[in-house]
file run09.pdb (PDB, C-alpha atoms, pLDDT in the B column)
ATOM      1  CA  MET S  96      27.962   0.333  24.577  1.00 74.00           C
ATOM      2  CA  ASN S  97      30.033   0.756  21.437  1.00 91.00           C
ATOM      3  CA  TYR S  98      28.441   1.499  18.098  1.00 97.00           C
ATOM      4  CA  LYS S  99      30.037   1.360  14.668  1.00 97.00           C
ATOM      5  CA  ILE S 100      28.931   3.632  11.848  1.00 98.00           C
ATOM      6  CA  LYS S 101      29.417   2.087   8.416  1.00 98.00           C
ATOM      7  CA  LYS S 102      28.485   2.930   4.850  1.00 98.00           C
ATOM      8  CA  ALA S 103      25.813   0.613   3.528  1.00 97.00           C
ATOM      9  CA  SER S 104      24.749  -0.429   0.068  1.00 95.00           C
ATOM     10  CA  LEU S 105      21.603   1.368  -1.035  1.00 93.00           C
ATOM     11  CA  ILE S 106      20.002  -2.026  -1.644  1.00 92.00           C
ATOM     12  CA  SER S 107      21.157  -3.705   1.563  1.00 95.00           C
ATOM     13  CA  PRO S 108      18.628  -5.475   3.793  1.00 97.00           C
ATOM     14  CA  GLU S 109      19.554  -3.071   6.625  1.00 97.00           C
ATOM     15  CA  VAL S 110      18.685  -0.007   4.531  1.00 96.00           C
ATOM     16  CA  LYS S 111      15.382  -1.572   3.511  1.00 95.00           C
ATOM     17  CA  SER S 112      14.497  -2.660   7.039  1.00 97.00           C
ATOM     18  CA  LEU S 113      15.334   0.659   8.725  1.00 97.00           C
ATOM     19  CA  SER S 114      13.627   2.646   5.940  1.00 95.00           C
ATOM     20  CA  ASP S 115      10.511   0.501   6.335  1.00 93.00           C
ATOM     21  CA  GLU S 116      10.498   1.068  10.115  1.00 96.00           C
ATOM     22  CA  LEU S 117      10.884   4.829   9.607  1.00 95.00           C
ATOM     23  CA  HIS S 118       8.068   4.838   7.048  1.00 90.00           C
ATOM     24  CA  LYS S 119       5.725   3.015   9.439  1.00 92.00           C
ATOM     25  CA  GLU S 120       6.564   5.413  12.260  1.00 93.00           C
ATOM     26  CA  LEU S 121       5.943   8.465  10.078  1.00 92.00           C
ATOM     27  CA  GLU S 122       2.590   7.055   8.994  1.00 91.00           C
ATOM     28  CA  LEU S 123       1.643   6.702  12.663  1.00 91.00           C
ATOM     29  CA  PHE S 124       2.499  10.395  13.194  1.00 91.00           C
ATOM     30  CA  TYR S 125       1.012  11.850  10.021  1.00 89.00           C
ATOM     31  CA  GLY S 126      -1.484   9.314   8.661  1.00 84.00           C
ATOM     32  CA  LYS S 127      -1.455   6.304   6.361  1.00 80.00           C
ATOM     33  CA  GLY S 128      -0.882   7.120   2.712  1.00 72.00           C
ATOM     34  CA  LEU S 129       0.529  10.592   3.414  1.00 70.00           C
ATOM     35  CA  ILE S 130       4.208   9.589   3.457  1.00 67.00           C
ATOM     36  CA  GLU S 131       5.895   9.095   0.088  1.00 72.00           C
ATOM     37  CA  ASP S 132       7.282   5.686  -0.813  1.00 74.00           C
ATOM     38  CA  PHE S 133      10.967   5.525   0.110  1.00 85.00           C
ATOM     39  CA  LYS S 134      12.002   2.763  -2.311  1.00 79.00           C
ATOM     40  CA  ASN S 135      12.552   4.872  -5.446  1.00 82.00           C
ATOM     41  CA  GLU S 136      14.102   7.764  -3.555  1.00 88.00           C
ATOM     42  CA  ASN S 137      16.465   5.459  -1.652  1.00 92.00           C
ATOM     43  CA  ASP S 138      17.992   4.523  -5.019  1.00 92.00           C
ATOM     44  CA  GLN S 139      19.001   8.181  -5.470  1.00 93.00           C
ATOM     45  CA  MET S 140      21.000   8.538  -2.247  1.00 96.00           C
ATOM     46  CA  LEU S 141      24.679   9.428  -2.404  1.00 96.00           C
ATOM     47  CA  VAL S 142      25.370   7.451   0.746  1.00 97.00           C
ATOM     48  CA  PHE S 143      23.591   5.605   3.523  1.00 98.00           C
ATOM     49  CA  TYR S 144      25.197   5.258   6.933  1.00 98.00           C
ATOM     50  CA  ILE S 145      24.058   2.583   9.365  1.00 98.00           C
ATOM     51  CA  ALA S 146      24.863   2.392  13.075  1.00 98.00           C
ATOM     52  CA  TYR S 147      25.469  -1.138  14.348  1.00 98.00           C
ATOM     53  CA  ASN S 148      25.501  -2.256  17.959  1.00 97.00           C
ATOM     54  CA  GLU S 149      27.988  -4.713  19.458  1.00 95.00           C
ATOM     55  CA  ILE S 150      26.113  -7.715  18.035  1.00 96.00           C
ATOM     56  CA  GLU S 151      26.096  -6.174  14.531  1.00 96.00           C
ATOM     57  CA  GLU S 152      22.388  -5.298  14.640  1.00 97.00           C
ATOM     58  CA  ALA S 153      21.469  -2.290  12.494  1.00 98.00           C
ATOM     59  CA  VAL S 154      19.938   0.202  14.947  1.00 98.00           C
ATOM     60  CA  ALA S 155      20.045   3.618  13.229  1.00 98.00           C
ATOM     61  CA  CYS S 156      20.522   5.201   9.830  1.00 98.00           C
ATOM     62  CA  GLY S 157      20.819   8.388   7.852  1.00 98.00           C
ATOM     63  CA  ALA S 158      21.374   9.241   4.213  1.00 98.00           C
ATOM     64  CA  LEU S 159      22.542  12.039   1.972  1.00 98.00           C
ATOM     65  CA  LYS S 160      20.943  13.000  -1.342  1.00 98.00           C
ATOM     66  CA  HIS S 161      22.199  15.393  -4.023  1.00 98.00           C
ATOM     67  CA  PHE S 162      19.941  18.460  -4.261  1.00 98.00           C
ATOM     68  CA  ASN S 163      21.944  20.778  -6.533  1.00 98.00           C
ATOM     69  CA  ASP S 164      25.572  21.654  -7.269  1.00 97.00           C
ATOM     70  CA  THR S 165      26.118  23.295  -3.883  1.00 98.00           C
ATOM     71  CA  THR S 166      23.513  21.605  -1.695  1.00 98.00           C
ATOM     72  CA  ALA S 167      22.859  18.106  -0.387  1.00 98.00           C
ATOM     73  CA  GLU S 168      19.810  16.951   1.540  1.00 98.00           C
ATOM     74  CA  ILE S 169      19.827  14.960   4.787  1.00 98.00           C
ATOM     75  CA  LYS S 170      17.380  12.058   4.525  1.00 97.00           C
ATOM     76  CA  ARG S 171      16.246   8.914   6.386  1.00 97.00           C
ATOM     77  CA  MET S 172      17.402   9.913   9.864  1.00 98.00           C
ATOM     78  CA  TYR S 173      16.077   7.157  12.083  1.00 98.00           C
ATOM     79  CA  VAL S 174      16.965   5.427  15.343  1.00 98.00           C
ATOM     80  CA  LYS S 175      15.104   2.328  16.509  1.00 98.00           C
ATOM     81  CA  PRO S 176      13.007   3.213  19.571  1.00 97.00           C
ATOM     82  CA  ALA S 177      14.929   0.900  21.938  1.00 97.00           C
ATOM     83  CA  PHE S 178      18.179   2.712  21.056  1.00 98.00           C
ATOM     84  CA  ARG S 179      17.040   6.328  21.324  1.00 96.00           C
ATOM     85  CA  GLY S 180      18.679   8.687  23.766  1.00 95.00           C
ATOM     86  CA  ARG S 181      22.155   7.211  23.252  1.00 96.00           C
ATOM     87  CA  GLY S 182      23.538   9.818  20.860  1.00 96.00           C
ATOM     88  CA  LEU S 183      23.217   7.715  17.715  1.00 98.00           C
ATOM     89  CA  SER S 184      21.454  10.432  15.721  1.00 98.00           C
ATOM     90  CA  LYS S 185      24.321  12.788  16.554  1.00 98.00           C
ATOM     91  CA  LEU S 186      26.895  10.241  15.351  1.00 97.00           C
ATOM     92  CA  ILE S 187      25.010   9.683  12.089  1.00 98.00           C
ATOM     93  CA  LEU S 188      24.424  13.395  11.480  1.00 98.00           C
ATOM     94  CA  ARG S 189      28.094  14.223  12.080  1.00 98.00           C
ATOM     95  CA  GLN S 190      29.106  11.467   9.644  1.00 98.00           C
ATOM     96  CA  LEU S 191      26.714  12.805   6.984  1.00 98.00           C
ATOM     97  CA  GLU S 192      27.988  16.363   7.425  1.00 98.00           C
ATOM     98  CA  ASP S 193      31.591  15.194   7.070  1.00 98.00           C
ATOM     99  CA  TYR S 194      30.744  13.216   3.946  1.00 98.00           C
ATOM    100  CA  ALA S 195      28.978  16.235   2.418  1.00 98.00           C
ATOM    101  CA  LYS S 196      32.077  18.350   3.088  1.00 98.00           C
ATOM    102  CA  ASP S 197      34.261  15.683   1.443  1.00 98.00           C
ATOM    103  CA  LEU S 198      32.036  15.977  -1.647  1.00 98.00           C
ATOM    104  CA  ASN S 199      32.459  19.786  -1.583  1.00 98.00           C
ATOM    105  CA  TYR S 200      28.857  20.627  -0.821  1.00 98.00           C
ATOM    106  CA  GLN S 201      28.480  24.062   0.754  1.00 98.00           C
ATOM    107  CA  ARG S 202      25.056  23.683   2.310  1.00 98.00           C
ATOM    108  CA  LEU S 203      22.822  21.004   3.767  1.00 98.00           C
ATOM    109  CA  ILE S 204      19.027  21.091   3.839  1.00 98.00           C
ATOM    110  CA  LEU S 205      16.450  18.794   5.374  1.00 98.00           C
ATOM    111  CA  GLU S 206      12.771  18.385   6.058  1.00 97.00           C
ATOM    112  CA  THR S 207      11.273  17.045   9.244  1.00 97.00           C
ATOM    113  CA  GLY S 208       7.837  17.252  10.754  1.00 95.00           C
ATOM    114  CA  LEU S 209       6.021  19.297  13.332  1.00 94.00           C
ATOM    115  CA  LYS S 210       5.229  16.082  15.210  1.00 93.00           C
ATOM    116  CA  GLN S 211       8.939  15.275  15.605  1.00 96.00           C
ATOM    117  CA  PRO S 212      10.171  17.813  18.201  1.00 96.00           C
ATOM    118  CA  GLU S 213      13.214  15.675  19.087  1.00 95.00           C
ATOM    119  CA  ALA S 214      14.394  15.842  15.482  1.00 97.00           C
ATOM    120  CA  MET S 215      13.913  19.616  15.315  1.00 97.00           C
ATOM    121  CA  SER S 216      15.837  19.996  18.576  1.00 97.00           C
ATOM    122  CA  LEU S 217      18.714  17.880  17.254  1.00 98.00           C
ATOM    123  CA  TYR S 218      19.020  19.944  14.093  1.00 98.00           C
ATOM    124  CA  ARG S 219      18.915  23.237  15.987  1.00 98.00           C
ATOM    125  CA  LYS S 220      21.675  21.994  18.334  1.00 98.00           C
ATOM    126  CA  PHE S 221      23.786  21.214  15.267  1.00 98.00           C
ATOM    127  CA  GLY S 222      23.356  24.767  13.958  1.00 98.00           C
ATOM    128  CA  TYR S 223      20.591  24.226  11.420  1.00 98.00           C
ATOM    129  CA  LYS S 224      18.385  27.259  10.837  1.00 98.00           C
ATOM    130  CA  PRO S 225      14.742  27.338   9.709  1.00 98.00           C
ATOM    131  CA  LEU S 226      14.286  27.443   5.949  1.00 97.00           C
ATOM    132  CA  GLN S 227      11.201  28.006   3.835  1.00 97.00           C
ATOM    133  CA  CYS S 228      10.077  24.551   2.821  1.00 97.00           C
ATOM    134  CA  TYR S 229      10.861  23.327  -0.687  1.00 96.00           C
ATOM    135  CA  GLY S 230       9.683  20.792  -3.227  1.00 93.00           C
ATOM    136  CA  ARG S 231       6.767  18.613  -2.208  1.00 88.00           C
ATOM    137  CA  HIS S 232       6.918  20.103   1.307  1.00 92.00           C
ATOM    138  CA  ILE S 233       6.013  23.684   0.295  1.00 95.00           C
ATOM    139  CA  ASN S 234       2.305  23.442   1.113  1.00 93.00           C
ATOM    140  CA  ASP S 235       2.530  20.844   3.884  1.00 92.00           C
ATOM    141  CA  PRO S 236       1.495  22.454   7.190  1.00 93.00           C
ATOM    142  CA  ASP S 237       3.260  19.679   9.153  1.00 93.00           C
ATOM    143  CA  SER S 238       6.641  20.152   7.409  1.00 95.00           C
ATOM    144  CA  ARG S 239       9.528  22.043   8.936  1.00 97.00           C
ATOM    145  CA  CYS S 240      12.638  22.625   6.831  1.00 98.00           C
ATOM    146  CA  PHE S 241      16.144  23.570   7.950  1.00 98.00           C
ATOM    147  CA  GLU S 242      19.489  24.482   6.405  1.00 98.00           C
ATOM    148  CA  LYS S 243      23.101  24.736   7.445  1.00 98.00           C
ATOM    149  CA  THR S 244      26.098  26.215   5.669  1.00 98.00           C
ATOM    150  CA  ILE S 245      29.002  23.792   6.004  1.00 97.00           C
ATOM    151  CA  TYR S 246      31.667  25.721   4.034  1.00 86.00           C
TER     152      TYR S 246
END
call {"tool": "encode", "arguments": {"input": "run09.pdb", "output": "structure tokens"}}
result
Amino acid sequence: MNYKIKKASLISPEVKSLSDELHKELELFYGKGLIEDFKNENDQMLVFYIAYNEIEEAVACGALKHFNDTTAEIKRMYVKPAFRGRGLSKLILRQLEDYAKDLNYQRLILETGLKQPEAMSLYRKFGYKPLQCYGRHINDPDSRCFEKTIY
């Protein structure tokens, strides 16, 4: 099956739909009301990439957010359950890393959760190293943060 990765408007229906699905899944893992609202933060993303299947259905996404002058943050990594195990998260992550390099970022950071071992495995395979959690994740016992130097 062929998938196309395309940039998407931050306000596109695909971004909203996939973000909503991710939010619901995270609330199942961590509890209702514990996951921040994605709407306002989505407006701050530098780019959103969407993976589309052969019938142009949006099946996966990932985003990049400015963190500081040298660092960008990987956000909104999500693959619809029916499409997992097909390498889509790898395609999205590679695209985000390339885009960050194009913008001259030197480092990428991200936060994922203890209850998402597949995500932690993906990031480790891509060379991300554990990082002390930052921002709102500092005191969250379920948060796991990672970093990778890209330049």
call {"tool": "atom_distance", "arguments": {"input": "run09.pdb", "atom1": "CA of Ile169 (chain S)", "atom2": "CA of Tyr246 (chain S)"}}
result
16.0 Å
call {"tool": "residues_around", "arguments": {"input": "run09.pdb", "residues": "Thr165 (chain S)", "least_positions_apart": "6", "cutoff": "12 Å", "atoms": "only C-alpha atoms", "output": "list of chain:residue names"}}
result
S:Ala195, S:Lys196, S:Leu198, S:Asn199, S:Tyr200, S:Gln201, S:Arg202, S:Leu203, S:Ile204, S:Lys243, S:Thr244, S:Ile245, S:Tyr246
call {"tool": "resolve_selection", "arguments": {"input": "run09.pdb", "expression": "the PyMOL selection byres ((chain S and resi 209) around 12)", "output": "ChimeraX atom specification"}}
result
/S:121,124-125,206-208,210-216,235-240
call {"tool": "closest_residue", "arguments": {"input": "run09.pdb", "among": "S:Gly128, S:Ile106, S:Asn135, S:Ile100", "to": "Gly157 (chain S)", "atoms": "all atoms listed in the file"}}
result
S:Ile100
call {"tool": "axis_aligned_box", "arguments": {"input": "run09.pdb", "around": "region 121-134 of chain S", "padding_each_side": "6 Å", "output": "JSON"}}
result
{"center_x": 5.3, "center_y": 7.3, "center_z": 5.4, "size_x": 25.5, "size_y": 21.1, "size_z": 27.5}
call {"tool": "residues_around", "arguments": {"input": "run09.pdb", "residues": "region 139-153 of chain S", "least_positions_apart": "4", "cutoff": "7 Å", "atoms": "only C-alpha atoms", "output": "list of chain:residue names"}}
result
S:Asn97, S:Tyr98, S:Lys99, S:Ile100, S:Lys101, S:Lys102, S:Ala103, S:Leu105, S:Glu109, S:Gly157, S:Ala158, S:Leu159, S:Lys160, S:His161, S:Ile187
call {"tool": "resolve_selection", "arguments": {"input": "run09.pdb", "expression": "the PyMOL selection byres ((chain S and resi 224) around 8)", "output": "PyMOL selection string"}}
result
chain S and resi 219+222-223+225-226+241-243
call {"tool": "closest_atom_pairs", "arguments": {"input": "run09.pdb", "of": "region 120-193 of chain S", "to": "region 228-232 of chain S", "cutoff": "12 Å", "atoms": "all atoms listed in the file", "output": "JSON lines"}}
result
{"residue": "S:Leu129", "atom": "CA", "partner": "S:Arg231", "partner_atom": "CA", "distance": 11.6}
{"residue": "S:Ile130", "atom": "CA", "partner": "S:Arg231", "partner_atom": "CA", "distance": 11.0}
{"residue": "S:Glu131", "atom": "CA", "partner": "S:Arg231", "partner_atom": "CA", "distance": 9.8}
{"residue": "S:Phe162", "atom": "CA", "partner": "S:Gly230", "partner_atom": "CA", "distance": 10.6}
{"residue": "S:Glu168", "atom": "CA", "partner": "S:Tyr229", "partner_atom": "CA", "distance": 11.2}
call {"tool": "atom_distance", "arguments": {"input": "run09.pdb", "atom1": "CA of Asp193 (chain S)", "atom2": "CA of Gly180 (chain S)"}}
result
22.1 Å
call {"tool": "closest_residue", "arguments": {"input": "run09.pdb", "among": "S:Asn234, S:Tyr218, S:Leu205, S:Leu117", "to": "Lys185 (chain S)", "atoms": "all atoms listed in the file"}}
result
S:Tyr218
call {"tool": "closest_residue", "arguments": {"input": "run09.pdb", "among": "S:Lys220, S:Lys134, S:Leu191, S:Ser107", "to": "Lys170 (chain S)", "atoms": "all atoms listed in the file"}}
result
S:Leu191
call {"tool": "residues_around", "arguments": {"input": "run09.pdb", "residues": "Ser184 (chain S)", "least_positions_apart": "6", "cutoff": "9 Å", "atoms": "only C-alpha atoms", "output": "VMD selection string"}}
result
chain S and resid 155 to 157 172 to 174 214 217
call {"tool": "write_last_selection", "arguments": {"input": "run09.pdb", "atoms": "C-alpha atoms", "output": "mmCIF file, in the coordinates of the input"}}
result
data_model
loop_
_atom_site.group_PDB
_atom_site.id
_atom_site.type_symbol
_atom_site.label_atom_id
_atom_site.label_comp_id
_atom_site.auth_asym_id
_atom_site.auth_seq_id
_atom_site.Cartn_x
_atom_site.Cartn_y
_atom_site.Cartn_z
ATOM 1 C CA ALA S 155 20.045 3.618 13.229
ATOM 2 C CA CYS S 156 20.522 5.201 9.830
ATOM 3 C CA GLY S 157 20.819 8.388 7.852
ATOM 4 C CA MET S 172 17.402 9.913 9.864
ATOM 5 C CA TYR S 173 16.077 7.157 12.083
ATOM 6 C CA VAL S 174 16.965 5.427 15.343
ATOM 7 C CA ALA S 214 14.394 15.842 15.482
ATOM 8 C CA LEU S 217 18.714 17.880 17.254
#
call {"tool": "atom_distance", "arguments": {"input": "run09.pdb", "atom1": "CA of Gly126 (chain S)", "atom2": "CA of Pro108 (chain S)"}}
result
25.4 Å
